[in-house]
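Engineer: Quick one, protein_36.txt (compact mmCIF, C-alpha atoms and all ligand atoms):
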```txt
# COMPACT_ATOMS: atom_id res chain seq x y z
CA MET O 1 -35.68 7.57 -64.45
CA ASN O 2 -37.25 4.28 -63.29
CA ALA O 3 -39.27 2.26 -65.77
CA ILE O 4 -42.83 1.92 -64.49
CA LEU O 5 -44.01 -0.28 -67.34
CA GLU O 6 -41.82 -2.86 -69.08
CA LEU O 7 -42.60 -5.29 -71.86
CA ASP O 8 -40.06 -8.03 -72.31
CA ALA O 9 -40.25 -10.02 -75.57
CA VAL O 10 -44.05 -10.01 -75.55
CA THR O 11 -45.87 -12.07 -78.16
CA VAL O 12 -49.60 -11.49 -78.39
CA GLY O 13 -52.32 -11.77 -81.02
CA TYR O 14 -55.57 -13.37 -81.98
CA VAL O 15 -56.35 -16.89 -83.16
CA GLY O 16 -54.17 -17.39 -86.21
CA VAL O 17 -53.04 -13.72 -86.19
CA PRO O 18 -49.84 -13.02 -84.22
CA VAL O 19 -49.85 -9.22 -83.95
CA LEU O 20 -46.87 -8.39 -81.72
CA ASP O 21 -43.87 -10.68 -81.95
CA ARG O 22 -41.32 -10.58 -79.10
CA LEU O 23 -41.82 -6.89 -78.55
CA SER O 24 -39.84 -5.16 -75.81
CA LEU O 25 -40.21 -1.63 -74.55
CA SER O 26 -39.85 0.35 -71.39
CA ILE O 27 -41.84 3.39 -70.26
CA PRO O 28 -40.22 5.72 -67.71
CA GLU O 29 -42.27 6.90 -64.74
CA GLY O 30 -43.92 10.27 -65.29
CA ALA O 31 -43.49 10.29 -69.07
CA VAL O 32 -46.16 10.91 -71.68
CA VAL O 33 -45.40 8.41 -74.43
CA ALA O 34 -47.17 8.48 -77.80
CA LEU O 35 -47.72 5.07 -79.36
CA LEU O 36 -47.96 5.67 -83.09
CA GLY O 37 -48.37 3.62 -86.23
CA ALA O 38 -50.74 3.06 -89.10
CA ASN O 39 -54.12 1.42 -88.86
CA GLY O 40 -53.65 -2.21 -87.82
CA ALA O 41 -50.06 -1.77 -86.62
CA GLY O 42 -50.97 -3.27 -83.25
CA LYS O 43 -51.43 -0.27 -80.94
CA THR O 44 -54.76 -1.44 -79.52
CA THR O 45 -53.46 -5.00 -79.21
CA LEU O 46 -50.53 -3.75 -77.12
CA MET O 47 -52.83 -1.71 -74.88
CA ARG O 48 -55.18 -4.66 -74.40
CA ALA O 49 -52.29 -6.95 -73.47
CA VAL O 50 -51.04 -4.48 -70.83
CA ALA O 51 -54.56 -3.97 -69.45
CA GLY O 52 -54.96 -7.75 -69.17
CA LEU O 53 -57.76 -8.00 -71.72
CA LEU O 54 -55.74 -10.18 -74.06
CA PRO O 55 -53.50 -13.05 -72.87
CA THR O 56 -49.84 -12.90 -73.83
CA ARG O 57 -48.47 -16.01 -75.56
CA ALA O 58 -44.89 -15.39 -74.53
CA GLY O 59 -42.77 -12.84 -72.73
CA GLY O 60 -43.54 -10.77 -69.66
CA ILE O 61 -45.12 -7.46 -68.68
CA ARG O 62 -44.03 -5.70 -65.49
CA PHE O 63 -45.80 -2.81 -63.81
CA ASP O 64 -43.74 -1.04 -61.15
CA GLY O 65 -41.46 -4.08 -61.02
CA ARG O 66 -44.31 -6.55 -60.53
CA ASP O 67 -44.85 -9.33 -63.06
CA LEU O 68 -48.44 -9.08 -64.32
CA ALA O 69 -48.71 -12.70 -65.48
CA GLY O 70 -51.98 -14.10 -64.16
CA VAL O 71 -53.07 -10.76 -62.64
CA ALA O 72 -56.75 -10.08 -63.46
CA VAL O 73 -57.88 -6.87 -65.18
CA GLU O 74 -59.52 -5.45 -62.04
CA ASP O 75 -56.45 -6.17 -59.92
CA ARG O 76 -54.29 -4.32 -62.46
CA THR O 77 -56.68 -1.36 -62.18
CA ARG O 78 -56.60 -1.49 -58.39
CA SER O 79 -52.83 -1.43 -58.39
CA GLY O 80 -52.87 1.83 -60.39
CA LEU O 81 -52.98 0.81 -64.04
CA ALA O 82 -55.99 2.59 -65.55
CA GLN O 83 -57.27 2.40 -69.08
CA VAL O 84 -59.61 4.33 -71.29
CA PRO O 85 -60.42 2.15 -74.28
CA GLU O 86 -61.37 3.53 -77.67
CA GLY O 87 -64.96 4.78 -77.72
CA ARG O 88 -65.41 7.11 -74.71
CA SER O 89 -67.11 4.70 -72.36
CA VAL O 90 -69.25 6.70 -69.96
CA VAL O 91 -72.55 5.73 -68.39
CA ALA O 92 -75.10 7.49 -70.62
CA GLU O 93 -77.95 7.41 -68.08
CA LEU O 94 -75.91 8.91 -65.24
CA THR O 95 -74.88 12.53 -64.75
CA VAL O 96 -71.31 13.73 -65.08
CA ASP O 97 -71.11 13.91 -61.30
CA GLU O 98 -72.45 10.38 -60.85
CA ASN O 99 -70.03 9.05 -63.46
CA LEU O 100 -67.11 10.58 -61.58
CA ARG O 101 -68.34 9.29 -58.22
CA LEU O 102 -68.65 5.85 -59.74
CA GLY O 103 -65.04 6.04 -60.98
CA ALA O 104 -63.86 6.93 -57.48
CA LEU O 105 -66.09 4.43 -55.67
CA TRP O 106 -63.63 1.57 -55.24
CA ARG O 107 -60.86 3.86 -54.08
CA TYR O 108 -62.33 6.64 -51.93
CA ARG O 109 -65.23 7.23 -49.52
CA GLY O 110 -67.00 10.25 -48.02
CA ALA O 111 -65.01 13.47 -47.92
CA GLU O 112 -62.07 11.86 -49.71
CA ARG O 113 -64.31 11.01 -52.63
CA ASP O 114 -65.71 14.55 -52.70
CA ARG O 115 -62.16 15.90 -52.84
CA ALA O 116 -61.15 13.53 -55.63
CA VAL O 117 -64.19 14.55 -57.72
CA ALA O 118 -63.59 18.26 -57.02
CA ALA O 119 -59.99 17.85 -58.23
CA MET O 120 -61.32 16.55 -61.55
CA TYR O 121 -63.55 19.62 -61.96
CA GLU O 122 -60.47 21.80 -61.47
CA LEU O 123 -58.58 19.90 -64.13
CA PHE O 124 -61.49 19.53 -66.55
CA GLU O 125 -63.29 22.87 -66.35
CA PRO O 126 -65.82 22.12 -69.12
CA LEU O 127 -67.05 19.18 -67.01
CA ALA O 128 -67.63 21.40 -63.99
CA ARG O 129 -70.15 23.38 -66.03
CA ARG O 130 -71.89 20.15 -67.08
CA ARG O 131 -71.88 18.31 -63.78
CA ARG O 132 -75.64 17.73 -63.75
CA SER O 133 -75.92 16.76 -67.42
CA LEU O 134 -76.48 13.14 -68.35
CA GLY O 135 -73.78 11.22 -70.20
CA HIS O 136 -75.84 11.05 -73.38
CA GLN O 137 -76.36 14.82 -73.39
CA LEU O 138 -72.65 15.55 -73.71
CA SER O 139 -70.78 16.40 -76.90
CA GLY O 140 -68.13 13.99 -78.19
CA GLY O 141 -65.35 16.09 -76.67
CA GLU O 142 -67.09 16.33 -73.31
CA ARG O 143 -67.69 12.59 -73.30
CA GLN O 144 -64.03 11.91 -73.99
CA MET O 145 -63.08 14.28 -71.18
CA LEU O 146 -65.47 12.50 -68.84
CA ALA O 147 -64.02 9.11 -69.81
CA LEU O 148 -60.56 10.50 -69.02
CA ALA O 149 -61.64 12.12 -65.75
CA ARG O 150 -63.41 8.95 -64.67
CA ALA O 151 -60.16 7.05 -65.05
CA LEU O 152 -58.08 9.75 -63.37
CA VAL O 153 -60.38 10.32 -60.38
CA ALA O 154 -59.04 7.17 -58.71
CA ASN O 155 -55.51 8.61 -58.99
CA PRO O 156 -53.84 5.91 -61.12
CA ARG O 157 -50.09 5.78 -61.72
CA VAL O 158 -50.30 4.79 -65.36
CA LEU O 159 -53.02 5.66 -67.86
CA LEU O 160 -53.48 3.65 -71.06
CA LEU O 161 -55.39 5.82 -73.47
CA ASP O 162 -56.53 4.48 -76.83
CA GLU O 163 -57.27 6.91 -79.66
CA PRO O 164 -58.93 9.69 -77.63
CA SER O 165 -59.02 12.11 -80.60
CA LEU O 166 -61.14 9.84 -82.79
CA GLY O 167 -64.00 11.77 -84.36
CA LEU O 168 -63.31 15.03 -82.51
CA ALA O 169 -62.85 18.47 -84.08
CA PRO O 170 -59.25 19.79 -84.13
CA LEU O 171 -59.91 22.48 -81.51
CA VAL O 172 -61.47 19.94 -79.16
CA VAL O 173 -58.52 17.59 -79.69
CA ALA O 174 -56.09 20.40 -78.84
CA GLN O 175 -58.03 21.16 -75.64
CA LEU O 176 -58.10 17.49 -74.66
CA MET O 177 -54.38 17.05 -75.26
CA GLY O 178 -53.66 20.18 -73.20
CA VAL O 179 -55.65 18.85 -70.26
CA LEU O 180 -53.89 15.50 -70.51
CA ARG O 181 -50.44 17.12 -70.43
CA ASP O 182 -51.54 19.27 -67.52
CA ALA O 183 -52.77 16.21 -65.59
CA ALA O 184 -49.46 14.45 -66.18
CA ASP O 185 -47.47 17.50 -65.05
CA ARG O 186 -49.56 18.05 -61.94
CA THR O 187 -49.73 14.47 -60.71
CA GLY O 188 -46.68 12.70 -62.13
CA LEU O 189 -49.01 10.39 -64.05
CA THR O 190 -47.42 8.20 -66.73
CA VAL O 191 -49.40 8.12 -69.98
CA LEU O 192 -49.26 5.66 -72.86
CA LEU O 193 -51.25 7.37 -75.61
CA ALA O 194 -52.12 5.40 -78.75
CA GLU O 195 -52.99 7.82 -81.52
CA GLN O 196 -53.46 8.05 -85.25
CA ASN O 197 -53.43 11.81 -84.83
CA VAL O 198 -49.65 11.96 -84.86
CA THR O 199 -49.19 15.74 -84.77
CA SER O 200 -51.44 16.18 -81.75
CA ALA O 201 -49.93 13.28 -79.85
CA LEU O 202 -46.33 14.36 -80.48
CA SER O 203 -47.20 17.93 -79.49
CA ILE O 204 -47.69 16.85 -75.87
CA ALA O 205 -45.57 13.68 -75.67
CA ASP O 206 -42.08 13.40 -74.23
CA ARG O 207 -41.37 10.39 -76.36
CA GLY O 208 -42.83 8.58 -79.33
CA ILE O 209 -42.79 4.90 -80.15
CA VAL O 210 -43.70 3.96 -83.72
CA LEU O 211 -45.12 0.50 -84.38
CA GLY O 212 -44.94 -0.89 -87.89
CA LEU O 213 -46.62 -4.26 -88.37
CA GLY O 214 -46.06 -5.41 -84.83
CA GLU O 215 -42.51 -4.25 -84.31
CA ILE O 216 -40.96 -1.06 -83.07
CA VAL O 217 -39.55 0.93 -85.97
CA ALA O 218 -38.66 4.03 -83.96
CA ASP O 219 -38.39 5.01 -80.32
CA ALA O 220 -37.16 8.56 -79.79
CA PRO O 221 -37.86 11.94 -78.19
CA ALA O 222 -41.14 13.33 -79.57
CA ALA O 223 -39.48 16.43 -81.03
CA ASP O 224 -36.96 14.30 -82.98
CA LEU O 225 -39.73 12.14 -84.42
CA ALA O 226 -41.79 15.14 -85.48
CA ALA O 227 -38.72 16.58 -87.21
CA ASP O 228 -37.62 13.43 -89.06
CA PRO O 229 -38.92 13.68 -92.66
CA ALA O 230 -38.07 10.10 -93.68
CA LEU O 231 -39.81 8.63 -90.67
CA ARG O 232 -42.76 10.92 -91.01
CA HIS O 233 -43.17 9.94 -94.61
CA ALA O 234 -42.66 6.19 -94.12
CA TYR O 235 -44.65 5.56 -90.97
CA LEU O 236 -46.54 8.57 -89.79
CA GLY O 237 -48.28 9.69 -92.94
CA PHE O 238 -47.49 13.39 -92.88
P1 LIG O 301 -56.28 0.94 -85.18
O1 LIG O 301 -55.69 2.27 -85.12
O2 LIG O 301 -57.06 0.67 -86.43
O3 LIG O 301 -57.04 0.56 -83.94
P2 LIG O 301 -54.10 -0.64 -84.22
O4 LIG O 301 -52.71 -0.20 -84.46
O5 LIG O 301 -54.68 -0.36 -82.89
O6 LIG O 301 -55.04 -0.06 -85.34
P3 LIG O 301 -54.86 -3.33 -83.72
O7 LIG O 301 -56.29 -2.99 -83.52
O8 LIG O 301 -54.05 -3.70 -82.56
O9 LIG O 301 -54.13 -2.18 -84.52
O10 LIG O 301 -54.84 -4.52 -84.81
C1 LIG O 301 -53.66 -5.21 -85.17
C2 LIG O 301 -54.02 -6.38 -86.08
O11 LIG O 301 -54.81 -7.33 -85.37
C3 LIG O 301 -54.81 -6.00 -87.30
O12 LIG O 301 -54.31 -6.75 -88.39
C4 LIG O 301 -56.20 -6.40 -86.97
O13 LIG O 301 -56.92 -6.75 -88.13
C5 LIG O 301 -56.01 -7.61 -86.09
N1 LIG O 301 -57.09 -7.75 -85.10
C6 LIG O 301 -57.54 -6.80 -84.25
N2 LIG O 301 -58.52 -7.27 -83.46
C7 LIG O 301 -58.73 -8.56 -83.84
C8 LIG O 301 -59.61 -9.61 -83.40
N3 LIG O 301 -60.48 -9.40 -82.40
N4 LIG O 301 -59.51 -10.80 -84.01
C9 LIG O 301 -58.61 -11.02 -85.01
N5 LIG O 301 -57.75 -10.09 -85.45
C10 LIG O 301 -57.80 -8.87 -84.89
```
Would you write the structure of this file as C-alpha cells?
Structural biologist:
Amino acid sequence: MNAILELDAVTVGYVGVPVLDRLSLSIPEGAVVALLGANGAGKTTLMRAVAGLLPTRAGGIRFDGRDLAGVAVEDRTRSGLAQVPEGRSVVAELTVDENLRLGALWRYRGAERDRAVAAMYELFEPLARRRRSLGHQLSGGERQMLALARALVANPRVLLLDEPSLGLAPLVVAQLMGVLRDAADRTGLTVLLAEQNVTSALSIADRGIVLGLGEIVADAPAADLAADPALRHAYLGF
C-alpha cells in the first residue's frame, strides 16, 4: 500500500530539549496506526511536527508525496491533513450543529455542506440526538465525539488524533474507538492515534508504533504488539 505520511530522519524538540532525534516512519494509506509510549515519550511532539505547529530542525515530512517544509498549518489542513489536539476543542457557545457547520465551512457550501453534516450524524448517532445542545452542555464523551466529527466533516485524508480517551469512562472510550474504526472503514481515512490507553488503541488499530524516549522501539501489527509480553511489560505498562 502507498505511504500517505512519511517522516524521514526528523529531528524536532523545544529550546534545549531535543525530543525526536532523526526519527523515520511511514504510514500506509487507509491504516489506523496507534502511536504508543509512556508519558513524555514524544507522541504529542510528533503530532505537532506533522501538523506544522512545531518546526522541524532536520529531516523531512511528506504528505501524499508532497514535502511539507514551509507549508503553513492551515494549508496542511486544506490539503487533507486534519488534527484533533488533546483537550476536545469545540466551541462551547455554539450548538453541535453550528460546530459541525463551522468545521465544514471552508470546504463545502449550501446543499453540499448539509450533506456533509448529515453524514456526521449518521456516523456519530449520539450527536444527532444533541444537535441543538451547546458545546458546554455536552458530556466529556460527547465533546470528544464532536471534536472528532468537526475534523471529519471536511472529509480529510489523514486524521491526527491526540489522546482522545483522556478522562473518559471505559464504556465511552470503547464507543469512541468503535466510531473511529467505523469512520476509517467507511471512508478510507488514515488515522494516527496517539494514546496512553494502549489496550483500547490496539483494539482498533491495524498497526502500532511504540515510542520510547524519542525513538521507535517497536513497529508491528497491532495484534502482535498486544500479544508480546516483554514489550507490553517494558513499554506499554500492562
Ligand atoms: P503525554 O502523553 O504526556 O502527552 P507525549 O508522549 O505526548 O506525552 P510529549 O508531550 O511529546 O510526550 O513530550 C516529550 C518531551 O518534551 C517531554 O520530556 C516533555 O517534558 C517535553 N516538552 C513537551 N512540551 C514542551 C514544551 N512546550 N517546552 C519544553 N519541553 C516540552
Engineer: Please return as a PDB file with C-alpha atoms, in the frame of the given file the residues found within 7 Å of ligand LIG 301 (chain O), counting all atoms listed in the file.
Structural biologist:
```
ATOM      1  CA  GLY O  13     -52.320 -11.770 -81.020  1.00  0.00           C
ATOM      2  CA  TYR O  14     -55.570 -13.370 -81.980  1.00  0.00           C
ATOM      3  CA  VAL O  15     -56.350 -16.890 -83.160  1.00  0.00           C
ATOM      4  CA  VAL O  17     -53.040 -13.720 -86.190  1.00  0.00           C
ATOM      5  CA  VAL O  19     -49.850  -9.220 -83.950  1.00  0.00           C
ATOM      6  CA  GLY O  37     -48.370   3.620 -86.230  1.00  0.00           C
ATOM      7  CA  ALA O  38     -50.740   3.060 -89.100  1.00  0.00           C
ATOM      8  CA  ASN O  39     -54.120   1.420 -88.860  1.00  0.00           C
ATOM      9  CA  GLY O  40     -53.650  -2.210 -87.820  1.00  0.00           C
ATOM     10  CA  ALA O  41     -50.060  -1.770 -86.620  1.00  0.00           C
ATOM     11  CA  GLY O  42     -50.970  -3.270 -83.250  1.00  0.00           C
ATOM     12  CA  LYS O  43     -51.430  -0.270 -80.940  1.00  0.00           C
ATOM     13  CA  THR O  44     -54.760  -1.440 -79.520  1.00  0.00           C
ATOM     14  CA  THR O  45     -53.460  -5.000 -79.210  1.00  0.00           C
ATOM     15  CA  LEU O  46     -50.530  -3.750 -77.120  1.00  0.00           C
ATOM     16  CA  GLN O 196     -53.460   8.050 -85.250  1.00  0.00           C
TER      17      GLN O 196
END
```
Engineer: Do you have the CA of Leu193 in chain O-CA of Gly208 in chain O distance handy?
Structural biologist: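 Separation of CA of Leu193 in chain O and CA of Gly208 in chain O: 9.3 Å.
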Engineer: Under the rule that all atoms listed in the file are counted, which of O:Ala234, O:Gly60, O:Ala119, O:Ala3 is the nearest residue to Gly30 in chain O?
Structural biologist: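 Closest to Gly30 in chain O of all the choices is O:Ala3.
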Engineer: Need to verify the contact set: range 144-150 of chain O, 8 Å, all atoms listed in the file, exclusion of same-chain residues closer than 4 positions in sequence. Can you return it as a count of residues only?
Structural biologist: 17
Engineer: Using all atoms listed in the file for the distances, tell me which of O:Gly52, O:Glu142, O:Gln137, O:Ile216 is nearest to Ala72 in chain O.
Structural biologist: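 When distances to Ala72 in chain O are compared using all atoms listed in the file, the smallest one comes from O:Gly52.
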Engineer: Pick out the residues sitting within 12 Å of Leu36 in chain O, and hand them over as a count of residues only; count only C-alpha atoms, and ignore anything fewer than 6 positions along from it in its own chain.
Structural biologist: 40
Engineer: Find, counting all atoms listed in the file, the residue in O:Glu74, O:Glu125, O:Glu86, O:Glu112 that gets nearest to Met47 in chain O.
Structural biologist: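 Checking each of O:Glu74, O:Glu125, O:Glu86, O:Glu112 against Met47 in chain O, counting all atoms listed in the file, the winner is O:Glu86.
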Engineer: Can you work out which one of O:Val173, O:Val12, O:Ile4, O:Ala223 has the shortest atom-to-atom distance to Ser203 in chain O, counting only C-alpha atoms?
Structural biologist: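 With only C-alpha atoms as the atom set, the closest residue is O:Ala223.
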Engineer: Between CA of Arg131 in chain O and CA of Leu171 in chain O, what is the distance, to one decimal in Å?
Structural biologist: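 For CA of Arg131 in chain O relative to CA of Leu171 in chain O, the distance reads 21.8 Å.
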Engineer: Given the choices O:Gly135, O:Ala151, O:Tyr121, O:Asp21, which gets closest to Thr77 in chain O if the distance is worked out from only C-alpha atoms?
Structural biologist: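 Distance minimum relative to Thr77 in chain O lands on O:Ala151.
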Engineer: How would range 160-193 of chain O look written as a short mmCIF file (atom, residue, chain, number, x, y, z; two decimals), in the first residue's frame with N, CA and C atoms?
Structural biologist:
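Output file part.cif is given in full below:
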```cif
data_model
loop_
_atom_site.label_atom_id
_atom_site.label_comp_id
_atom_site.auth_asym_id
_atom_site.auth_seq_id
_atom_site.Cartn_x
_atom_site.Cartn_y
_atom_site.Cartn_z
N LEU O 160 -4.96 13.25 12.56
CA LEU O 160 -4.02 13.14 13.68
C LEU O 160 -4.83 13.33 14.95
N LEU O 161 -4.84 12.34 15.79
CA LEU O 161 -5.74 12.37 16.94
C LEU O 161 -4.93 12.14 18.21
N ASP O 162 -4.91 13.17 19.07
CA ASP O 162 -4.04 13.08 20.26
C ASP O 162 -4.86 12.76 21.51
N GLU O 163 -4.65 11.56 22.03
CA GLU O 163 -5.16 11.19 23.37
C GLU O 163 -6.68 11.41 23.52
N PRO O 164 -7.49 10.88 22.60
CA PRO O 164 -8.93 11.14 22.70
C PRO O 164 -9.58 10.52 23.93
N SER O 165 -8.97 9.48 24.51
CA SER O 165 -9.64 8.77 25.62
C SER O 165 -9.44 9.45 26.96
N LEU O 166 -8.59 10.47 26.99
CA LEU O 166 -8.22 11.10 28.26
C LEU O 166 -9.44 11.52 29.09
N GLY O 167 -9.53 11.00 30.30
CA GLY O 167 -10.59 11.40 31.21
C GLY O 167 -11.96 10.81 30.93
N LEU O 168 -12.07 9.90 29.97
CA LEU O 168 -13.38 9.34 29.65
C LEU O 168 -13.56 7.96 30.30
N ALA O 169 -14.81 7.63 30.61
CA ALA O 169 -15.11 6.33 31.21
C ALA O 169 -14.87 5.22 30.18
N PRO O 170 -14.50 4.01 30.64
CA PRO O 170 -14.17 2.92 29.72
C PRO O 170 -15.23 2.64 28.66
N LEU O 171 -16.50 2.67 29.04
CA LEU O 171 -17.55 2.40 28.05
C LEU O 171 -17.59 3.46 26.96
N VAL O 172 -17.37 4.70 27.38
CA VAL O 172 -17.39 5.82 26.43
C VAL O 172 -16.18 5.72 25.50
N VAL O 173 -15.04 5.31 26.06
CA VAL O 173 -13.84 5.12 25.23
C VAL O 173 -14.09 4.04 24.18
N ALA O 174 -14.71 2.95 24.61
CA ALA O 174 -14.98 1.84 23.68
C ALA O 174 -15.89 2.31 22.54
N GLN O 175 -16.90 3.11 22.89
CA GLN O 175 -17.83 3.63 21.88
C GLN O 175 -17.09 4.55 20.89
N LEU O 176 -16.25 5.40 21.45
CA LEU O 176 -15.49 6.35 20.63
C LEU O 176 -14.55 5.61 19.66
N MET O 177 -13.87 4.60 20.18
CA MET O 177 -12.94 3.84 19.35
C MET O 177 -13.69 3.12 18.22
N GLY O 178 -14.88 2.60 18.58
CA GLY O 178 -15.70 1.90 17.58
C GLY O 178 -16.09 2.83 16.44
N VAL O 179 -16.48 4.04 16.80
CA VAL O 179 -16.90 5.02 15.78
C VAL O 179 -15.71 5.39 14.90
N LEU O 180 -14.56 5.51 15.52
CA LEU O 180 -13.35 5.89 14.78
C LEU O 180 -13.00 4.81 13.75
N ARG O 181 -13.05 3.56 14.18
CA ARG O 181 -12.75 2.44 13.28
C ARG O 181 -13.75 2.42 12.13
N ASP O 182 -15.01 2.65 12.49
CA ASP O 182 -16.08 2.66 11.50
C ASP O 182 -15.84 3.75 10.46
N ALA O 183 -15.45 4.94 10.95
CA ALA O 183 -15.19 6.06 10.04
C ALA O 183 -14.05 5.70 9.09
N ALA O 184 -13.01 5.08 9.63
CA ALA O 184 -11.87 4.71 8.78
C ALA O 184 -12.29 3.68 7.74
N ASP O 185 -13.10 2.70 8.16
CA ASP O 185 -13.53 1.66 7.22
C ASP O 185 -14.43 2.22 6.13
N ARG O 186 -15.31 3.15 6.53
CA ARG O 186 -16.27 3.67 5.54
C ARG O 186 -15.63 4.62 4.55
N THR O 187 -14.64 5.39 5.00
CA THR O 187 -14.14 6.47 4.13
C THR O 187 -12.72 6.26 3.63
N GLY O 188 -12.03 5.26 4.15
CA GLY O 188 -10.64 5.07 3.73
C GLY O 188 -9.69 6.05 4.41
N LEU O 189 -10.20 6.70 5.46
CA LEU O 189 -9.41 7.65 6.24
C LEU O 189 -8.19 6.95 6.86
N THR O 190 -7.07 7.65 6.87
CA THR O 190 -5.87 7.18 7.58
C THR O 190 -5.85 7.86 8.94
N VAL O 191 -5.59 7.10 10.00
CA VAL O 191 -5.61 7.68 11.35
C VAL O 191 -4.29 7.43 12.06
N LEU O 192 -3.72 8.49 12.62
CA LEU O 192 -2.58 8.34 13.52
C LEU O 192 -3.10 8.71 14.90
N LEU O 193 -3.17 7.71 15.76
CA LEU O 193 -3.86 7.83 17.05
C LEU O 193 -2.86 7.72 18.20
#
```
